[in-house]
Amino acid sequence: MSAHQYDEGHTVAGWTGVGIATVGTSVLGVGVCLVSGALIAVGIVITVASALVTWALHLTGWGKPPGRRPREQWGMRVRDTGARQGHPGCVGCRMAGRGRAGATAVGTRSAATAAGTRSAATATATAGPVSAESVG
């Protein structure tokens, strides 16, 4: 049994990003103390790289989607199976072009075509959400 009874969101992407960001802000702090423009620049570059590395790891499944995960996915070494399709409400996935509303709109248009009696606008307004698996 786990030591905690809730999902703390510990992920490989999160811990890697925090580690790199800690190094970057430390270098930045030393640069400020020594009044060194070169160290300040290097610290900023490392800190920005931490965000990019974290984002890349999230997109490859080593991050956590927004909200609560199922209990079997609480472990830090468990990859997220929904990362390829994109997480609903996730800014990082939307920035990468995943999980957009356009995929749902395609599914509702095909539902309208299948119905044959409703216009696409009516079907879009009344059709329920379509999962990514059924679209592609």
# chains A, B, ... in the order shown; residues from 1 in each chain; ligands from 1

$ residues_around --residues "range 7-16 of chain A" --least-positions-apart "6" --cutoff "6 Å" --atoms "only C-alpha atoms" --output "PyMOL selection string"
chain A and resi 54+57-58+62-63+74+76

$ write_last_selection --atoms "all heavy atoms" --output "PDB file, in the first residue's frame"
ATOM      1  N   THR A  54      10.894  19.856 -19.457  1.00  0.00           N
ATOM      2  CA  THR A  54       9.696  19.396 -18.765  1.00  0.00           C
ATOM      3  C   THR A  54       8.544  19.220 -19.744  1.00  0.00           C
ATOM      4  O   THR A  54       7.803  18.235 -19.697  1.00  0.00           O
ATOM      5  CB  THR A  54       9.297  20.391 -17.660  1.00  0.00           C
ATOM      6  OG1 THR A  54      10.403  20.551 -16.769  1.00  0.00           O
ATOM      7  CG2 THR A  54       8.090  19.906 -16.885  1.00  0.00           C
ATOM      8  N   LEU A  57       9.115  16.103 -21.899  1.00  0.00           N
ATOM      9  CA  LEU A  57       8.846  14.883 -21.133  1.00  0.00           C
ATOM     10  C   LEU A  57       7.342  14.694 -20.920  1.00  0.00           C
ATOM     11  O   LEU A  57       6.835  13.568 -20.965  1.00  0.00           O
ATOM     12  CB  LEU A  57       9.581  14.925 -19.795  1.00  0.00           C
ATOM     13  CG  LEU A  57      11.088  14.689 -19.866  1.00  0.00           C
ATOM     14  CD1 LEU A  57      11.740  14.975 -18.521  1.00  0.00           C
ATOM     15  CD2 LEU A  57      11.387  13.269 -20.311  1.00  0.00           C
ATOM     16  N   HIS A  58       6.622  15.774 -20.695  1.00  0.00           N
ATOM     17  CA  HIS A  58       5.170  15.687 -20.543  1.00  0.00           C
ATOM     18  C   HIS A  58       4.523  15.146 -21.819  1.00  0.00           C
ATOM     19  O   HIS A  58       3.656  14.280 -21.771  1.00  0.00           O
ATOM     20  CB  HIS A  58       4.591  17.065 -20.206  1.00  0.00           C
ATOM     21  CG  HIS A  58       3.097  17.110 -20.236  1.00  0.00           C
ATOM     22  ND1 HIS A  58       2.322  16.608 -19.214  1.00  0.00           N
ATOM     23  CD2 HIS A  58       2.234  17.580 -21.165  1.00  0.00           C
ATOM     24  CE1 HIS A  58       1.048  16.775 -19.522  1.00  0.00           C
ATOM     25  NE2 HIS A  58       0.971  17.366 -20.698  1.00  0.00           N
ATOM     26  N   TRP A  62       5.691  11.230 -19.747  1.00  0.00           N
ATOM     27  CA  TRP A  62       6.306  11.183 -18.423  1.00  0.00           C
ATOM     28  C   TRP A  62       5.801  12.284 -17.508  1.00  0.00           C
ATOM     29  O   TRP A  62       6.309  12.469 -16.412  1.00  0.00           O
ATOM     30  CB  TRP A  62       7.826  11.237 -18.521  1.00  0.00           C
ATOM     31  CG  TRP A  62       8.385   9.990 -19.095  1.00  0.00           C
ATOM     32  CD1 TRP A  62       8.956   9.835 -20.324  1.00  0.00           C
ATOM     33  CD2 TRP A  62       8.403   8.695 -18.488  1.00  0.00           C
ATOM     34  NE1 TRP A  62       9.326   8.536 -20.505  1.00  0.00           N
ATOM     35  CE2 TRP A  62       9.005   7.812 -19.399  1.00  0.00           C
ATOM     36  CE3 TRP A  62       7.967   8.200 -17.267  1.00  0.00           C
ATOM     37  CZ2 TRP A  62       9.178   6.457 -19.119  1.00  0.00           C
ATOM     38  CZ3 TRP A  62       8.138   6.855 -16.995  1.00  0.00           C
ATOM     39  CH2 TRP A  62       8.750   5.998 -17.903  1.00  0.00           C
ATOM     40  N   GLY A  63       4.782  13.006 -17.951  1.00  0.00           N
ATOM     41  CA  GLY A  63       4.174  14.046 -17.121  1.00  0.00           C
ATOM     42  C   GLY A  63       2.839  13.591 -16.575  1.00  0.00           C
ATOM     43  O   GLY A  63       2.493  12.425 -16.609  1.00  0.00           O
ATOM     44  N   TRP A  74      -0.773   6.449 -10.129  1.00  0.00           N
ATOM     45  CA  TRP A  74      -0.176   7.354  -9.151  1.00  0.00           C
ATOM     46  C   TRP A  74       1.332   7.218  -9.058  1.00  0.00           C
ATOM     47  O   TRP A  74       2.010   8.139  -8.644  1.00  0.00           O
ATOM     48  CB  TRP A  74      -0.780   7.108  -7.771  1.00  0.00           C
ATOM     49  CG  TRP A  74      -2.147   7.684  -7.605  1.00  0.00           C
ATOM     50  CD1 TRP A  74      -2.920   8.242  -8.569  1.00  0.00           C
ATOM     51  CD2 TRP A  74      -2.897   7.732  -6.409  1.00  0.00           C
ATOM     52  NE1 TRP A  74      -4.117   8.637  -8.043  1.00  0.00           N
ATOM     53  CE2 TRP A  74      -4.131   8.339  -6.716  1.00  0.00           C
ATOM     54  CE3 TRP A  74      -2.664   7.321  -5.107  1.00  0.00           C
ATOM     55  CZ2 TRP A  74      -5.112   8.552  -5.760  1.00  0.00           C
ATOM     56  CZ3 TRP A  74      -3.651   7.534  -4.160  1.00  0.00           C
ATOM     57  CH2 TRP A  74      -4.856   8.146  -4.477  1.00  0.00           C
ATOM     58  N   MET A  76       5.285   7.213  -9.735  1.00  0.00           N
ATOM     59  CA  MET A  76       6.120   8.140 -10.492  1.00  0.00           C
ATOM     60  C   MET A  76       6.635   7.519 -11.784  1.00  0.00           C
ATOM     61  O   MET A  76       6.814   8.213 -12.783  1.00  0.00           O
ATOM     62  CB  MET A  76       7.294   8.593  -9.633  1.00  0.00           C
ATOM     63  CG  MET A  76       8.134   9.645 -10.294  1.00  0.00           C
ATOM     64  SD  MET A  76       9.282  10.332  -9.117  1.00  0.00           S
ATOM     65  CE  MET A  76      10.696  10.548 -10.124  1.00  0.00           C
TER      66      MET A  76
END

$ atom_distance --atom1 "CA of Val48 in chain A" --atom2 "CA of Arg69 in chain A"
27.7 Å

$ residues_around --residues "range 39-46 of chain A" --least-positions-apart "5" --cutoff "12 Å" --atoms "only C-alpha atoms" --output "CSV table (one decimal) with all heavy atoms, in the first residue's frame"
chain,number,residue,atom,x,y,z
A,17,GLY,N,12.4,18.6,-14.4
A,17,GLY,CA,12.2,20.1,-14.6
A,17,GLY,C,12.7,20.9,-13.3
A,17,GLY,O,13.4,21.9,-13.4
A,18,VAL,N,12.3,20.4,-12.2
A,18,VAL,CA,12.6,21.1,-10.9
A,18,VAL,C,14.2,21.0,-10.7
A,18,VAL,O,14.8,22.0,-10.3
A,18,VAL,CB,11.9,20.5,-9.7
A,18,VAL,CG1,12.5,20.9,-8.4
A,18,VAL,CG2,10.4,20.9,-9.8
A,19,GLY,N,14.8,19.9,-11.0
A,19,GLY,CA,16.2,19.8,-10.8
A,19,GLY,C,17.0,20.7,-11.8
A,19,GLY,O,17.9,21.4,-11.3
A,20,ILE,N,16.6,20.8,-13.0
A,20,ILE,CA,17.3,21.6,-14.0
A,20,ILE,C,17.0,23.1,-13.6
A,20,ILE,O,17.9,23.9,-13.7
A,20,ILE,CB,16.8,21.3,-15.4
A,20,ILE,CG1,17.2,19.9,-15.8
A,20,ILE,CG2,17.4,22.3,-16.4
A,20,ILE,CD1,16.7,19.4,-17.1
A,21,ALA,N,15.8,23.4,-13.2
A,21,ALA,CA,15.4,24.8,-12.8
A,21,ALA,C,16.2,25.2,-11.6
A,21,ALA,O,16.6,26.4,-11.5
A,21,ALA,CB,13.9,24.9,-12.6
A,22,THR,N,16.5,24.3,-10.7
A,22,THR,CA,17.2,24.6,-9.5
A,22,THR,C,18.7,25.0,-9.9
A,22,THR,O,19.2,26.0,-9.3
A,22,THR,CB,17.2,23.5,-8.5
A,22,THR,OG1,15.9,23.2,-8.1
A,22,THR,CG2,18.0,23.7,-7.3
A,23,VAL,N,19.2,24.2,-10.8
A,23,VAL,CA,20.6,24.5,-11.2
A,23,VAL,C,20.6,25.9,-11.9
A,23,VAL,O,21.5,26.7,-11.7
A,23,VAL,CB,21.1,23.4,-12.2
A,23,VAL,CG1,22.4,23.8,-12.8
A,23,VAL,CG2,21.3,22.1,-11.4
A,24,GLY,N,19.6,26.1,-12.8
A,24,GLY,CA,19.6,27.4,-13.5
A,24,GLY,C,19.4,28.6,-12.7
A,24,GLY,O,20.1,29.6,-12.8
A,25,THR,N,18.5,28.5,-11.7
A,25,THR,CA,18.3,29.7,-10.8
A,25,THR,C,19.5,29.8,-9.9
A,25,THR,O,19.8,31.0,-9.5
A,25,THR,CB,17.0,29.5,-10.0
A,25,THR,OG1,17.0,28.3,-9.3
A,25,THR,CG2,15.8,29.6,-10.9
A,26,SER,N,20.2,28.7,-9.5
A,26,SER,CA,21.4,28.9,-8.7
A,26,SER,C,22.5,29.6,-9.5
A,26,SER,O,23.2,30.5,-9.0
A,26,SER,CB,21.9,27.5,-8.3
A,26,SER,OG,21.0,26.9,-7.5
A,27,VAL,N,22.7,29.2,-10.7
A,27,VAL,CA,23.7,29.9,-11.6
A,27,VAL,C,23.3,31.4,-11.8
A,27,VAL,O,24.2,32.3,-11.7
A,27,VAL,CB,23.8,29.2,-13.0
A,27,VAL,CG1,24.7,30.0,-13.9
A,27,VAL,CG2,24.4,27.8,-12.8
A,28,LEU,N,22.0,31.6,-12.0
A,28,LEU,CA,21.5,33.0,-12.1
A,28,LEU,C,21.8,33.8,-10.8
A,28,LEU,O,22.3,34.9,-10.9
A,28,LEU,CB,20.0,32.9,-12.4
A,28,LEU,CG,19.3,34.3,-12.7
A,28,LEU,CD1,19.9,35.0,-13.8
A,28,LEU,CD2,17.9,34.0,-12.9
A,29,GLY,N,21.6,33.2,-9.7
A,29,GLY,CA,21.9,33.9,-8.4
A,29,GLY,C,23.3,34.2,-8.2
A,29,GLY,O,23.7,35.3,-7.7
A,30,VAL,N,24.2,33.2,-8.5
A,30,VAL,CA,25.6,33.5,-8.4
A,30,VAL,C,26.0,34.6,-9.4
A,30,VAL,O,26.9,35.5,-9.0
A,30,VAL,CB,26.4,32.2,-8.7
A,30,VAL,CG1,27.9,32.5,-8.9
A,30,VAL,CG2,26.2,31.2,-7.6
A,31,GLY,N,25.4,34.6,-10.6
A,31,GLY,CA,25.7,35.7,-11.5
A,31,GLY,C,25.3,37.0,-11.0
A,31,GLY,O,26.0,38.0,-11.2
A,32,VAL,N,24.2,37.1,-10.3
A,32,VAL,CA,23.7,38.4,-9.8
A,32,VAL,C,24.7,38.8,-8.6
A,32,VAL,O,25.1,40.0,-8.6
A,32,VAL,CB,22.3,38.3,-9.2
A,32,VAL,CG1,21.9,39.5,-8.4
A,32,VAL,CG2,21.3,38.1,-10.4
A,33,CYS,N,25.1,37.9,-7.8
A,33,CYS,CA,26.0,38.2,-6.7
A,33,CYS,C,27.4,38.6,-7.2
A,33,CYS,O,28.0,39.5,-6.6
A,33,CYS,CB,26.2,37.0,-5.7
A,33,CYS,SG,24.7,36.6,-4.8
A,34,LEU,N,27.8,38.0,-8.2
A,34,LEU,CA,29.2,38.4,-8.8
A,34,LEU,C,29.1,39.5,-9.8
A,34,LEU,O,30.1,39.9,-10.4
A,34,LEU,CB,29.8,37.1,-9.4
A,34,LEU,CG,30.1,36.0,-8.4
A,34,LEU,CD1,30.7,34.8,-9.2
A,34,LEU,CD2,31.1,36.5,-7.3
A,51,ALA,N,12.2,24.4,-18.6
A,51,ALA,CA,10.7,24.4,-19.0
A,51,ALA,C,10.6,23.6,-20.3
A,51,ALA,O,9.6,22.9,-20.4
A,51,ALA,CB,10.3,25.9,-19.3
A,52,LEU,N,11.5,23.7,-21.2
A,52,LEU,CA,11.4,23.0,-22.5
A,52,LEU,C,11.6,21.5,-22.3
A,52,LEU,O,10.9,20.7,-22.9
A,52,LEU,CB,12.4,23.5,-23.5
A,52,LEU,CG,12.2,25.0,-23.9
A,52,LEU,CD1,13.4,25.4,-24.8
A,52,LEU,CD2,10.9,25.1,-24.6
A,53,VAL,N,12.5,21.1,-21.4
A,53,VAL,CA,12.7,19.7,-21.1
A,53,VAL,C,11.5,19.1,-20.4
A,53,VAL,O,11.0,18.0,-20.7
A,53,VAL,CB,14.0,19.5,-20.2
A,53,VAL,CG1,14.0,18.1,-19.6
A,53,VAL,CG2,15.2,19.8,-21.0
